[in-house]
Amino acid sequence: FLSVSLYYRVTNERIHISEGLFGKTHHNIELVRIQDIDYSQSFGDRLLNLGDIKIRSHDLNLPSFSLSNIKEPKVVFDMLRRAVREARKEQKMTFQEEM
């Protein structure tokens, strides 16, 4: 049921998140604002080639979000990492970690 009411779309600039079956809520995470991306798979998820991708960003409205039940999560994870790098390169931005 959750997959009927939750949609993710990745462009070269942002991740669009739409949720809701009758009423809709829309969120956008700009790729240049993403700090960190991780993915995880339980044993059952690995058998079905599903997983969750966790995103942490500098976005004040959505600092942490999880893309759930993603098919081929490693492929999507790598695609997102490349997209974030390209978005930063286009914006001439660098990221510096705090220690």
# chains A, B, ... in the order shown; residues from 1 in each chain; ligands from 1
call {"tool": "select_by_dssp", "arguments": {"residues": "region 24-59 of chain A", "states": "strand (DSSP E)", "output": "list of chain:residue names"}}
result
A:Thr25, A:His26, A:His27, A:Asn28, A:Ile29, A:Glu30, A:Ile34, A:Gln35, A:Asp36, A:Ile37, A:Asp38, A:Tyr39, A:Ser40, A:Leu50, A:Gly51, A:Asp52, A:Ile53, A:Lys54, A:Ile55, A:Arg56, A:Ser57
call {"tool": "residues_around", "arguments": {"residues": "Arg82 (chain A)", "least_positions_apart": "6", "cutoff": "10 Å", "atoms": "only C-alpha atoms", "output": "PyMOL selection string"}}
result
chain A and resi 12+76+88
call {"tool": "closest_residue", "arguments": {"among": "A:Val75, A:Ile29, A:Leu50, A:Ala83", "to": "Pro63 (chain A)", "atoms": "only C-alpha atoms"}}
result
A:Ile29
call {"tool": "residues_around", "arguments": {"residues": "Glu19 (chain A)", "least_positions_apart": "2", "cutoff": "9 Å", "atoms": "only C-alpha atoms", "output": "PyMOL selection string"}}
result
chain A and resi 2+4-8+17+21+23-27
call {"tool": "select_by_dssp", "arguments": {"residues": "region 4-98 of chain A", "states": "alpha helix (DSSP H)", "output": "PyMOL selection string"}}
result
chain A and resi 4-5+43-48+73-90
call {"tool": "residues_around", "arguments": {"residues": "region 34-49 of chain A", "least_positions_apart": "6", "cutoff": "7 Å", "atoms": "only C-alpha atoms", "output": "list in words"}}
result
Ile55, Arg56, Ser57, His58, Lys71, Glu72, Pro73 and Phe77 of chain A
call {"tool": "write_last_selection", "arguments": {"atoms": "C-alpha atoms", "output": "short mmCIF file (atom, residue, chain, number, x, y, z; two decimals), in the first residue's frame"}}
result
data_model
loop_
_atom_site.label_atom_id
_atom_site.label_comp_id
_atom_site.auth_asym_id
_atom_site.auth_seq_id
_atom_site.Cartn_x
_atom_site.Cartn_y
_atom_site.Cartn_z
CA ILE A 55 19.95 10.41 2.48
CA ARG A 56 21.22 13.12 4.80
CA SER A 57 21.18 16.68 3.53
CA HIS A 58 21.53 20.33 4.45
CA LYS A 71 14.91 -2.23 -6.64
CA GLU A 72 18.64 -2.74 -7.24
CA PRO A 73 19.67 -0.37 -4.43
CA PHE A 77 23.04 4.36 -4.80
#
call {"tool": "atom_distance", "arguments": {"atom1": "CA of Leu62 (chain A)", "atom2": "CA of Arg81 (chain A)"}}
result
18.4 Å
call {"tool": "residues_around", "arguments": {"residues": "Arg9 (chain A)", "least_positions_apart": "3", "cutoff": "10 Å", "atoms": "only C-alpha atoms", "output": "list in words"}}
result
Arg14, Ile15, His16, Ile17, Ser18 and Asn28 of chain A
call {"tool": "atom_distance", "arguments": {"atom1": "CA of Lys89 (chain A)", "atom2": "CA of Phe65 (chain A)"}}
result
23.5 Å
